[in-house]
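As structure tokens, the structure follows; a few thoughts come after it.
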Amino acid sequence: MLWDTIFLALREIRRNVIRSFLTILGIVIGVASVITMVTLGGGATVQVTNQIASLGSNLLMVTPGKRMGPGQSSASAPFRAKDVEAIARDIRSVAAVAPASTKPVTAIVGNENWSTTVTGTDNQYMKVRMWPVQTGREFSDSELRAGAAVCIIGDTVRQKLFGGLEPLGNRIRLGKLSFQVIGLLEAKGQSSMGTDQDDLVLLPLRTFQRRISGNQDISLIQVSIRDGESTEKAQRDIERLMRERRHIAPNADDDFSVMDMKEITKMLTATTQVLTGLLGAVAAVSLLVGGIGIMNIMLVSVTERTREIGTRLAIGALEREVLMQFLVEAVVLSSSGGLFGILLGLAACLGLKNALKVPFVLNPGIVVVAFLFSAAVGVVFGYFPALKAARLDPIEALRHE
């Protein structure tokens with residue numbers, strides 16, 4: 001019985017292919033939009049997580065000044081080299097500690113120049129950031145102690161200043177000072193904040209302090225915590241140590257900040273998930289519009305086939321059989337739209353992932369939910385027209401012109 005009903009529904013759909021296609025277009029667009037938005041949103045979430053993870057494993061960022069808001073902090077005394085040594089010596093869970101001071105500088109090679117960021121640090125920087133030197137070498141101990149005129153450059157600086165030439169062994173001018181390139185960092189690409197991580201030049205910290213900044217200030221301490229250790233406990237230990245070293249009274253607020261990168265990951269992930277949910281909800285409205293279209297066409301179909309319905313009822317067809325016929329026809333229409341929408345949505349995701357530069361992360365659950373929802377739309381919006389057809393008076397239906 002059910003197969004006969006499905007066959008009749010398919011036959012009616014084939015009789016009016018163009019009308020059927022236009023009827024399910026809203027369902028197709030709705031399902032495709034939901035799958036596209038949710039899939040791309042999931043890819044964006046994974047990308048944000050991976051990019052923050054690329055900054056370093058179990059990373060804590062210690063900065064002078066109290067955080068006032070996103071990207072803002074109050075002014076406070078900078079750190080010194082002794083603070084870095086104290087963290088490395090007194091915090092047992094620490095795997096590596098890297099000091100850093102930065103300054104924007106114009107880099108020049110021959111006739112080429114490029115505005116970049118110079119960072120004074122040591123070899124712990126590469127360990128903390130999990131950022132190996134691709135070619136060349138790290139700073140030697142003697143270069144770090146003496147403040148030698150050597151540097152390690154990022155891939156963007158290499159492209160802008162050297163093009164296809166080999167940078168190792170060549171010299172680069174930072175302002176009025178000349179430095180020899182001894183290493184090239186592995187390319188990392190953009191961060192989750194949209195900044196180019198490869199646009200930097202690393203100098204020995206002592207070199208930076210003597211020749212670039214002219215002071216002993218350290219503006220950032222990056223701390224990597226050993227695997228298996230609690231970053232929350234390490235954060236509390238560092239805060240306690242820095243309060244002691246900076247002589248902060250028990251009731252006074254910290255004049256520094258310790259930021260766990262896991263907090264940033266959770267915040268950005270939650271934001272992308274909320275935006276994905278909102279976009280998916282907006283896209284789902286198209287499914288309701290498609291359902292209204294199905295109801296409209298099914299009502300027209302009932303009117304057009306009034307004599308057919310009257311004939312079936314007159315020769316013994318039950319009301320529930322007529323109800324089932326039109327209900328199945330509505331469900332077949334909406335389910336067909338769901339299938340086409342799934343194919344269109346997946347194709348859109350594959351096409352847009354390269355344009356938006358996000359990974360393709362397929363969520364089978366949302367595909368199943370979108371299809372079931374499209375079928376449910378057929379049931380909900382097809383029931384009233386089917387009920388109207390089932391309750392037609394056979395005599396009046398046979399008289400219908």
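FYI, nothing fancy with the structure tokens labels: chains A, B, ... in order, residues from 1 per chain, ligands from 1 as they appear.
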Need the shell around Leu344 in chain A: protein/DNA/RNA residues with any atom at most 9 Å away, counting only C-alpha atoms. Skip same-chain ones fewer than 6 positions apart. Format as a count of residues only?
6
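For range 122-162 of chain A, a DSSP pass over the backbone yields alpha helix (DSSP H) at Gln124, Tyr125, Met126, Lys127, Val128, Asp141, Ser142, Glu143, Leu144, Arg145, Ala146, Asp155, Thr156, Val157, Arg158, Gln159, Lys160, Leu161 and Phe162 of chain A.
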Skipping near chain neighbours, those fewer than 2 positions away, what residues fall within 12 Å of Asp90 in chain A using only C-alpha atoms, listed as a ChimeraX atom specification?
/A:82-88,92-95,97,234,237-238,240-242,245
Set the distance at 12 Å and use only C-alpha atoms: which residues neighbour Gln159 in chain A once local chain neighbours fewer than 4 positions away are removed? I'd like the list as a PyMOL selection string.
chain A and resi 109+112-114+153-155+163-167+184+187+198-200
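Atom pair CA of Asn58 in chain A / CA of Val274 in chain A: separated by 25.2 Å.
Contact shell of Gln273 in chain A at 9 Å (only C-alpha atoms; same-chain neighbours under 6 positions omitted): A:Val38, A:Gly41, A:Gly42, A:Thr45.
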Hey, can you spit out that residue selection with N, CA and C atoms as a PDB file, in the first residue's frame?
```pdb
ATOM      1  N   VAL A  38      26.740  26.083   8.912  1.00  0.00           N
ATOM      2  CA  VAL A  38      27.231  25.293  10.049  1.00  0.00           C
ATOM      3  C   VAL A  38      28.595  24.665   9.741  1.00  0.00           C
ATOM      4  N   GLY A  41      31.175  27.406   9.644  1.00  0.00           N
ATOM      5  CA  GLY A  41      31.372  27.864  11.021  1.00  0.00           C
ATOM      6  C   GLY A  41      32.202  26.886  11.833  1.00  0.00           C
ATOM      7  N   GLY A  42      31.946  25.584  11.630  1.00  0.00           N
ATOM      8  CA  GLY A  42      32.761  24.568  12.298  1.00  0.00           C
ATOM      9  C   GLY A  42      34.207  24.620  11.851  1.00  0.00           C
ATOM     10  N   THR A  45      35.879  27.544  13.546  1.00  0.00           N
ATOM     11  CA  THR A  45      36.186  27.225  14.947  1.00  0.00           C
ATOM     12  C   THR A  45      37.456  26.389  15.056  1.00  0.00           C
TER      13      THR A  45
END
```
Please identify which residues in range 69-136 of chain A DSSP calls strand (DSSP E) from the backbone, and express them as an MDAnalysis selection string.
chainID A and resid 69 72:73 94:109 112:121 133:136
Same residues, C-alpha atoms, saved as a CSV table (one decimal), in the first residue's frame:
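The resulting out12.csv:
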```
chain,number,residue,atom,x,y,z
A,69,GLY,CA,39.8,45.4,28.1
A,72,GLN,CA,44.3,47.4,26.4
A,73,SER,CA,46.3,47.5,29.6
A,94,VAL,CA,57.7,25.7,33.7
A,95,ALA,CA,59.1,24.0,30.6
A,96,ALA,CA,60.6,27.2,29.0
A,97,VAL,CA,60.5,31.0,29.6
A,98,ALA,CA,61.2,33.5,26.8
A,99,PRO,CA,61.6,37.3,27.3
A,100,ALA,CA,60.5,39.5,24.5
A,101,SER,CA,60.7,43.2,23.6
A,102,THR,CA,59.4,44.6,20.3
A,103,LYS,CA,59.7,47.7,18.2
A,104,PRO,CA,58.6,48.6,14.7
A,105,VAL,CA,61.6,49.1,12.4
A,106,THR,CA,62.1,49.6,8.6
A,107,ALA,CA,64.2,46.7,7.2
A,108,ILE,CA,66.4,47.4,4.2
A,109,VAL,CA,68.2,45.1,1.7
A,112,GLU,CA,64.1,46.9,-1.1
A,113,ASN,CA,62.6,48.1,2.2
A,114,TRP,CA,59.8,46.7,4.4
A,115,SER,CA,58.3,48.0,7.7
A,116,THR,CA,58.3,45.1,10.1
A,117,THR,CA,58.6,44.3,13.8
A,118,VAL,CA,61.9,43.6,15.5
A,119,THR,CA,61.8,41.3,18.6
A,120,GLY,CA,64.6,41.0,21.1
A,121,THR,CA,64.6,37.5,22.7
A,133,VAL,CA,64.3,27.5,12.5
A,134,GLN,CA,63.6,26.1,9.0
A,135,THR,CA,67.1,26.8,7.6
A,136,GLY,CA,70.2,28.1,9.2
```
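Note that CA of Gln216 in chain A and CA of Arg80 in chain A are 6.7 Å apart.
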Need the shell around Ser374 in chain A: protein/DNA/RNA residues with any atom at most 6 Å away, counting only C-alpha atoms. Skip same-chain ones fewer than 5 positions apart. Format as a PyMOL selection string?
chain A and resi 334-335+338
For the contact check between range 168-286 of chain A and range 59-63 of chain A, emit one row per residue of range 168-286 of chain A within 6 Å, containing the shortest atom pair and the distance in Å rounded to one decimal, counting only C-alpha atoms, chain then rising number order, as CSV.
```
residue,atom,partner,partner_atom,distance
A:Leu220,CA,A:Thr63,CA,5.0
A:Ile221,CA,A:Val62,CA,5.0
A:Gln222,CA,A:Met61,CA,4.8
A:Val223,CA,A:Leu60,CA,5.0
A:Ser224,CA,A:Leu59,CA,4.7
A:Phe256,CA,A:Thr63,CA,5.7
A:Ser257,CA,A:Thr63,CA,5.3
A:Val258,CA,A:Val62,CA,4.5
A:Met259,CA,A:Met61,CA,5.1
A:Asp260,CA,A:Leu60,CA,4.7
A:Met261,CA,A:Leu59,CA,5.8
```
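Residue nearest Ser230 in chain A within the list A:Ile91, A:Val157, A:Ala148, A:Leu372: A:Ile91 [criterion: smallest interatomic distance, only C-alpha atoms].
Distances from A:Leu205, A:Leu346, A:Leu323, A:Val367 to Tyr383 in chain A were compared using only C-alpha atoms, and the smallest one belongs to A:Leu323.
CA of Gly345 in chain A sits 12.9 Å away from CA of Val361 in chain A.
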